[in-house]
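K.L.:
My structure is stored as start.pdb, with PDB, C-alpha atoms and all ligand atoms.
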```pdb
ATOM      1  CA  MET A   1      -2.980  52.041  23.435  1.00  0.00           C
ATOM      2  CA  ALA A   2      -4.478  53.062  26.763  1.00  0.00           C
ATOM      3  CA  GLU A   3      -7.811  51.433  27.366  1.00  0.00           C
ATOM      4  CA  ARG A   4     -10.640  53.547  26.089  1.00  0.00           C
ATOM      5  CA  THR A   5     -13.556  54.573  28.233  1.00  0.00           C
ATOM      6  CA  CYS A   6     -17.021  55.745  27.277  1.00  0.00           C
ATOM      7  CA  GLY A   7     -16.409  59.240  28.632  1.00  0.00           C
ATOM      8  CA  ALA A   8     -19.349  61.502  27.902  1.00  0.00           C
ATOM      9  CA  CYS A   9     -20.711  59.268  25.135  1.00  0.00           C
ATOM     10  CA  GLY A  10     -23.700  57.218  26.256  1.00  0.00           C
ATOM     11  CA  LEU A  11     -25.131  56.826  22.750  1.00  0.00           C
ATOM     12  CA  CYS A  12     -25.906  53.137  23.345  1.00  0.00           C
ATOM     13  CA  CYS A  13     -28.201  54.276  26.171  1.00  0.00           C
ATOM     14  CA  LYS A  14     -30.243  55.983  23.474  1.00  0.00           C
ATOM     15  CA  LEU A  15     -29.999  53.723  20.436  1.00  0.00           C
ATOM     16  CA  MET A  16     -30.186  50.237  21.908  1.00  0.00           C
ATOM     17  CA  GLY A  17     -33.254  48.658  23.443  1.00  0.00           C
ATOM     18  CA  VAL A  18     -32.927  47.015  26.867  1.00  0.00           C
ATOM     19  CA  ALA A  19     -35.449  44.237  27.398  1.00  0.00           C
ATOM     20  CA  ALA A  20     -34.902  44.081  31.168  1.00  0.00           C
ATOM     21  CA  LEU A  21     -36.003  47.707  31.446  1.00  0.00           C
ATOM     22  CA  ALA A  22     -38.646  47.558  28.726  1.00  0.00           C
ATOM     23  CA  LYS A  23     -36.581  50.354  27.210  1.00  0.00           C
ATOM     24  CA  ALA A  24     -37.380  50.941  23.569  1.00  0.00           C
ATOM     25  CA  PRO A  25     -34.567  51.624  21.097  1.00  0.00           C
ATOM     26  CA  HIS A  26     -33.938  55.110  19.781  1.00  0.00           C
ATOM     27  CA  SER A  27     -35.032  56.947  22.900  1.00  0.00           C
ATOM     28  CA  TRP A  28     -32.956  57.835  25.920  1.00  0.00           C
ATOM     29  CA  CYS A  29     -33.003  55.500  28.891  1.00  0.00           C
ATOM     30  CA  GLY A  30     -34.637  57.161  31.882  1.00  0.00           C
ATOM     31  CA  HIS A  31     -31.553  56.271  33.972  1.00  0.00           C
ATOM     32  CA  PHE A  32     -29.132  58.143  31.725  1.00  0.00           C
ATOM     33  CA  GLN A  33     -27.946  61.448  33.127  1.00  0.00           C
ATOM     34  CA  LYS A  34     -26.266  63.779  30.673  1.00  0.00           C
ATOM     35  CA  GLY A  35     -22.729  64.597  31.763  1.00  0.00           C
ATOM     36  CA  VAL A  36     -22.866  61.894  34.435  1.00  0.00           C
ATOM     37  CA  GLY A  37     -23.713  58.630  32.673  1.00  0.00           C
ATOM     38  CA  CYS A  38     -25.740  55.739  33.999  1.00  0.00           C
ATOM     39  CA  GLY A  39     -27.630  56.692  37.144  1.00  0.00           C
ATOM     40  CA  VAL A  40     -27.926  53.053  38.216  1.00  0.00           C
ATOM     41  CA  TYR A  41     -24.463  51.927  37.153  1.00  0.00           C
ATOM     42  CA  GLU A  42     -23.880  49.462  40.009  1.00  0.00           C
ATOM     43  CA  SER A  43     -27.208  47.734  39.430  1.00  0.00           C
ATOM     44  CA  ARG A  44     -27.601  48.221  35.670  1.00  0.00           C
ATOM     45  CA  PRO A  45     -28.971  45.250  33.712  1.00  0.00           C
ATOM     46  CA  GLN A  46     -26.501  42.589  32.628  1.00  0.00           C
ATOM     47  CA  ALA A  47     -27.135  43.401  28.978  1.00  0.00           C
ATOM     48  CA  CYS A  48     -25.900  46.950  29.633  1.00  0.00           C
ATOM     49  CA  ALA A  49     -22.844  45.729  31.537  1.00  0.00           C
ATOM     50  CA  ASP A  50     -22.004  43.273  28.759  1.00  0.00           C
ATOM     51  CA  PHE A  51     -22.380  45.723  25.892  1.00  0.00           C
ATOM     52  CA  SER A  52     -19.178  47.122  24.565  1.00  0.00           C
ATOM     53  CA  CYS A  53     -19.128  48.786  21.214  1.00  0.00           C
ATOM     54  CA  TYR A  54     -16.407  48.263  18.643  1.00  0.00           C
ATOM     55  CA  TRP A  55     -14.980  51.768  19.060  1.00  0.00           C
ATOM     56  CA  LEU A  56     -13.935  50.957  22.624  1.00  0.00           C
ATOM     57  CA  LYS A  57     -11.654  48.181  21.354  1.00  0.00           C
ATOM     58  CA  ALA A  58     -10.596  49.229  17.874  1.00  0.00           C
ATOM     59  CA  GLU A  59      -7.113  50.685  17.941  1.00  0.00           C
ATOM     60  CA  GLY A  60      -7.339  52.007  14.398  1.00  0.00           C
ATOM     61  CA  LEU A  61     -10.296  54.280  15.047  1.00  0.00           C
ATOM     62  CA  ASP A  62      -9.611  57.749  16.396  1.00  0.00           C
ATOM     63  CA  ASP A  63     -11.897  59.970  18.456  1.00  0.00           C
ATOM     64  CA  ARG A  64     -13.927  60.995  15.424  1.00  0.00           C
ATOM     65  CA  TRP A  65     -15.423  57.507  15.668  1.00  0.00           C
ATOM     66  CA  ARG A  66     -16.576  57.885  19.253  1.00  0.00           C
ATOM     67  CA  PRO A  67     -20.259  57.080  18.859  1.00  0.00           C
ATOM     68  CA  ASP A  68     -21.641  60.346  20.210  1.00  0.00           C
ATOM     69  CA  ARG A  69     -19.450  62.213  17.701  1.00  0.00           C
ATOM     70  CA  ALA A  70     -19.916  59.877  14.747  1.00  0.00           C
ATOM     71  CA  ARG A  71     -23.636  59.526  15.525  1.00  0.00           C
ATOM     72  CA  PHE A  72     -23.540  55.761  15.105  1.00  0.00           C
ATOM     73  CA  ILE A  73     -22.456  52.716  17.057  1.00  0.00           C
ATOM     74  CA  LEU A  74     -20.394  49.899  15.574  1.00  0.00           C
ATOM     75  CA  HIS A  75     -21.026  46.465  17.032  1.00  0.00           C
ATOM     76  CA  ARG A  76     -20.665  42.852  15.972  1.00  0.00           C
ATOM     77  CA  GLU A  77     -23.394  40.237  15.596  1.00  0.00           C
ATOM     78  CA  ASP A  78     -23.609  36.621  14.404  1.00  0.00           C
ATOM     79  CA  GLY A  79     -20.518  35.585  16.314  1.00  0.00           C
ATOM     80  CA  GLY A  80     -18.495  38.411  14.844  1.00  0.00           C
ATOM     81  CA  ARG A  81     -19.347  37.667  11.207  1.00  0.00           C
ATOM     82  CA  ARG A  82     -21.527  40.724  10.799  1.00  0.00           C
ATOM     83  CA  LEU A  83     -20.508  44.285  11.593  1.00  0.00           C
ATOM     84  CA  VAL A  84     -23.520  46.498  12.255  1.00  0.00           C
ATOM     85  CA  VAL A  85     -23.481  50.269  11.979  1.00  0.00           C
ATOM     86  CA  GLU A  86     -26.387  51.345  14.206  1.00  0.00           C
ATOM     87  CA  VAL A  87     -27.085  54.931  13.159  1.00  0.00           C
ATOM     88  CA  ASP A  88     -28.861  57.533  15.268  1.00  0.00           C
ATOM     89  CA  PRO A  89     -32.097  58.191  13.334  1.00  0.00           C
ATOM     90  CA  ALA A  90     -31.711  61.857  14.312  1.00  0.00           C
ATOM     91  CA  SER A  91     -28.606  61.926  12.034  1.00  0.00           C
ATOM     92  CA  PRO A  92     -29.603  59.387   9.385  1.00  0.00           C
ATOM     93  CA  ASN A  93     -26.827  60.265   6.932  1.00  0.00           C
ATOM     94  CA  ALA A  94     -23.967  60.384   9.432  1.00  0.00           C
ATOM     95  CA  TRP A  95     -22.487  57.146   8.081  1.00  0.00           C
ATOM     96  CA  ARG A  96     -22.235  58.636   4.598  1.00  0.00           C
ATOM     97  CA  GLN A  97     -19.912  61.436   5.748  1.00  0.00           C
ATOM     98  CA  ALA A  98     -16.110  61.498   5.639  1.00  0.00           C
ATOM     99  CA  PRO A  99     -14.113  59.762   6.949  1.00  0.00           C
ATOM    100  CA  TYR A 100     -16.707  57.102   7.721  1.00  0.00           C
ATOM    101  CA  TYR A 101     -18.113  56.079   4.370  1.00  0.00           C
ATOM    102  CA  ALA A 102     -14.787  55.451   2.644  1.00  0.00           C
ATOM    103  CA  THR A 103     -13.631  53.424   5.635  1.00  0.00           C
ATOM    104  CA  LEU A 104     -16.809  51.330   5.663  1.00  0.00           C
ATOM    105  CA  LYS A 105     -16.321  50.586   1.970  1.00  0.00           C
ATOM    106  CA  ALA A 106     -12.715  49.543   2.579  1.00  0.00           C
ATOM    107  CA  TRP A 107     -13.827  47.237   5.397  1.00  0.00           C
ATOM    108  CA  ALA A 108     -16.524  45.742   3.162  1.00  0.00           C
ATOM    109  CA  ALA A 109     -13.924  45.035   0.505  1.00  0.00           C
ATOM    110  CA  ARG A 110     -11.559  43.401   2.981  1.00  0.00           C
ATOM    111  CA  GLY A 111     -14.273  41.439   4.795  1.00  0.00           C
ATOM    112  CA  ALA A 112     -15.916  40.026   1.680  1.00  0.00           C
ATOM    113  CA  ALA A 113     -13.047  37.637   1.081  1.00  0.00           C
ATOM    114  CA  ASP A 114     -13.564  36.187   4.556  1.00  0.00           C
ATOM    115  CA  GLY A 115     -17.348  35.956   4.275  1.00  0.00           C
ATOM    116  CA  LEU A 116     -17.941  38.900   6.615  1.00  0.00           C
ATOM    117  CA  SER A 117     -20.845  41.258   6.073  1.00  0.00           C
ATOM    118  CA  LEU A 118     -21.386  44.899   6.887  1.00  0.00           C
ATOM    119  CA  ASP A 119     -24.851  46.334   7.413  1.00  0.00           C
ATOM    120  CA  VAL A 120     -26.042  49.839   8.197  1.00  0.00           C
ATOM    121  CA  LEU A 121     -29.253  50.169  10.189  1.00  0.00           C
ATOM    122  CA  VAL A 122     -31.088  53.472  10.409  1.00  0.00           C
ATOM    123  CA  GLY A 123     -34.182  52.951  12.509  1.00  0.00           C
ATOM    124  CA  GLN A 124     -36.174  50.268  10.701  1.00  0.00           C
ATOM    125  CA  ARG A 125     -34.281  50.644   7.433  1.00  0.00           C
ATOM    126  CA  GLY A 126     -31.256  48.616   6.417  1.00  0.00           C
ATOM    127  CA  PHE A 127     -28.437  48.855   3.887  1.00  0.00           C
ATOM    128  CA  GLU A 128     -25.956  46.182   2.843  1.00  0.00           C
ATOM    129  CA  ILE A 129     -22.560  47.700   2.206  1.00  0.00           C
ATOM    130  CA  HIS A 130     -20.326  46.185  -0.452  1.00  0.00           C
ATOM    131  CA  ALA A 131     -17.050  47.341  -1.895  1.00  0.00           C
ATOM    132  CA  ASP A 132     -18.535  48.649  -5.135  1.00  0.00           C
ATOM    133  CA  HIS A 133     -22.209  49.194  -4.344  1.00  0.00           C
ATOM    134  CA  ASP A 134     -24.742  49.455  -1.535  1.00  0.00           C
ATOM    135  CA  VAL A 135     -28.082  47.683  -1.370  1.00  0.00           C
ATOM    136  CA  ASP A 136     -31.037  49.532   0.140  1.00  0.00           C
ATOM    137  CA  LEU A 137     -32.941  46.739   1.871  1.00  0.00           C
ATOM    138  CA  GLY A 138     -35.871  48.936   2.842  1.00  0.00           C
ATOM    139  CA  VAL A 139     -37.641  48.081   6.092  1.00  0.00           C
ATOM    140  CA  VAL A 140     -35.751  45.214   7.713  1.00  0.00           C
ATOM    141  CA  ARG A 141     -37.041  45.208  11.272  1.00  0.00           C
ATOM    142  CA  PRO A 142     -39.874  46.393  13.436  1.00  0.00           C
ATOM    143  CA  ALA A 143     -39.472  49.704  15.215  1.00  0.00           C
ATOM    144  CA  GLN A 144     -38.507  48.073  18.530  1.00  0.00           C
ATOM    145  CA  ALA A 145     -35.834  45.740  17.219  1.00  0.00           C
ATOM    146  CA  SER A 146     -32.386  47.053  18.115  1.00  0.00           C
ATOM    147  CA  ALA A 147     -31.424  45.268  21.314  1.00  0.00           C
ATOM    148  CA  ARG A 148     -28.264  45.310  23.346  1.00  0.00           C
ATOM    149  CA  SER A 149     -26.215  42.200  22.997  1.00  0.00           C
ATOM    150  CA  ALA A 150     -22.738  41.427  24.198  1.00  0.00           C
TER     151      ALA A 150
HETATM  152  S1  LIG B 201     -21.760  53.636  22.503  1.00  0.00           S
HETATM  153 FE1  LIG B 201     -19.777  52.706  23.042  1.00  0.00          FE
HETATM  154  S2  LIG B 201     -18.495  54.406  23.799  1.00  0.00           S
HETATM  155 FE2  LIG B 201     -20.644  55.099  23.769  1.00  0.00          FE
HETATM  156  S3  LIG B 201     -21.370  54.723  25.867  1.00  0.00           S
HETATM  157 FE3  LIG B 201     -21.933  52.920  24.618  1.00  0.00          FE
HETATM  158  S4  LIG B 201     -20.244  51.441  24.863  1.00  0.00           S
HETATM  159 FE4  LIG B 201     -19.520  53.473  25.565  1.00  0.00          FE
HETATM  160  S1  LIG B 202     -29.549  51.274  32.664  1.00  0.00           S
HETATM  161 FE1  LIG B 202     -27.774  52.604  32.532  1.00  0.00          FE
HETATM  162  S2  LIG B 202     -26.357  51.583  31.066  1.00  0.00           S
HETATM  163 FE2  LIG B 202     -28.415  50.679  30.798  1.00  0.00          FE
HETATM  164  S3  LIG B 202     -29.359  51.866  29.124  1.00  0.00           S
HETATM  165 FE3  LIG B 202     -29.987  52.808  31.075  1.00  0.00          FE
HETATM  166  S4  LIG B 202     -28.497  54.445  31.438  1.00  0.00           S
HETATM  167 FE4  LIG B 202     -27.611  53.059  29.874  1.00  0.00          FE
END
```
I need this file expressed as structure tokens, please.

P.N.:
Amino acid sequence: MAERTCGACGLCCKLMGVAALAKAPHSWCGHFQKGVGCGVYESRPQACADFSCYWLKAEGLDDRWRPDRARFILHREDGGRRLVVEVDPASPNAWRQAPYYATLKAWAARGAADGLSLDVLVGQRGFEIHADHDVDLGVVRPAQASARSA
């Protein structure tokens, strides 16, 4: 597969906080230019340069999963043991739509045997996704808590 690029996406520049810029999560970075991308690309913070969402690397996911289309970002935490679905609070139910939800459930079923977890985060609220049920965790983090990490 040809290497994917972000194209016109940029959703991480909205959803993820960037400590070096004191940029809060869930609001657009002041350096993001619609249709252009990062306005300070050459000097962007290291956390931005290091961030690469799962869609960029996952061969099995087609363009419907591009974050600006899906309205969520997939990324790994805890050394890869936790897959996080960071949902745009402006589209809080995007992850429940087809084809996403059924795929997330299939991943949860496969990952459980290997001790992997799958969480959905919508703003401050979290959900644990399991093969046969979901757990609404309620408020799991403060409003400013989604940070970019590699
Ligand atoms: S969310 Fe993923 S595809 Fe979109 S701009 Fe960020 S790294 Fe690129
Ligand atoms: S500095 Fe650039 S890459 Fe980083 S969040 Fe802002 S627009 Fe996105």

K.L.:
Using the chain letters and numbers from the file, give me the residues hit by the PyMOL selection byres (((chain A and resi 37-51) around 12) and not hetatm), as a PyMOL selection string.

P.N.:
chain A and resi 5-14+16-23+28-36+52-57+73-77+147-150

K.L.:
Spell out the residues picked by the PyMOL selection byres (((chain A and resi 95-106) around 7) and not hetatm) here, as a list in words.

P.N.:
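Selection result, ordered by chain and number: Asn93, Ala94, Trp107, Ala108, Ala109, Arg110, Ile129, His130 and Ala131 of chain A.
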
K.L.:
Mind giving me the straight-line distance from atom S2 of ligand LIG 201 (chain B) to CA of Gly126 (chain A) in Å, one decimal?

P.N.:
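Between atom S2 of ligand LIG 201 (chain B) and CA of Gly126 (chain A) the gap works out to 22.3 Å.
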
K.L.:
Go ahead and find all residues with at least one atom no further than 6 Å from (-26.2, 46.8, 14.6) in the file's coordinates, using only C-alpha atoms; report them as a ChimeraX atom specification.

P.N.:
/A:75,84-86

K.L.:
One decimal, Å: what's the distance from CA of Arg141 (chain A) over to CA of Arg125 (chain A), could you say?

P.N.:
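Distance reported for this atom pair: 7.2 Å.
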
K.L.:
When you count all atoms listed in the file, which of these residues is closest to Asp62 (chain A): A:Gln124, A:Ala24, A:Arg4, A:Gly115?

P.N.:
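Among A:Gln124, A:Ala24, A:Arg4, A:Gly115, it is A:Arg4 that comes nearest to Asp62 (chain A).
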
K.L.:
Draw an axis-aligned box tight on the listed atoms of ligand LIG 201 (chain B), then pad every side by 6 Å and write out centre and edge lengths in Å to one decimal as lines of an AutoDock Vina configuration file.

P.N.:
```
center_x = -20.2
center_y = 53.3
center_z = 24.2
size_x = 15.4
size_y = 15.7
size_z = 15.4
```

K.L.:
Excluding Ser91 (chain A) and any residue of its chain fewer than 6 positions from it, enumerate the residues within 9 Å of it, using only C-alpha atoms, and give them as a list in words.

P.N.:
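That gives Arg71, Phe72 and Val122 of chain A.
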
K.L.:
Select, from A:Ala70, A:Val140, A:Ala112, A:Val135, the residue with the minimum atom-to-atom distance to ligand LIG 201 (chain B), counting only C-alpha atoms and all ligand atoms.

P.N.:
A:Ala70

K.L.:
For CA of Glu3 (chain A) and CA of Asp114 (chain A), determine how far apart the two atoms are, in Å to one decimal place.

P.N.:
28.0 Å
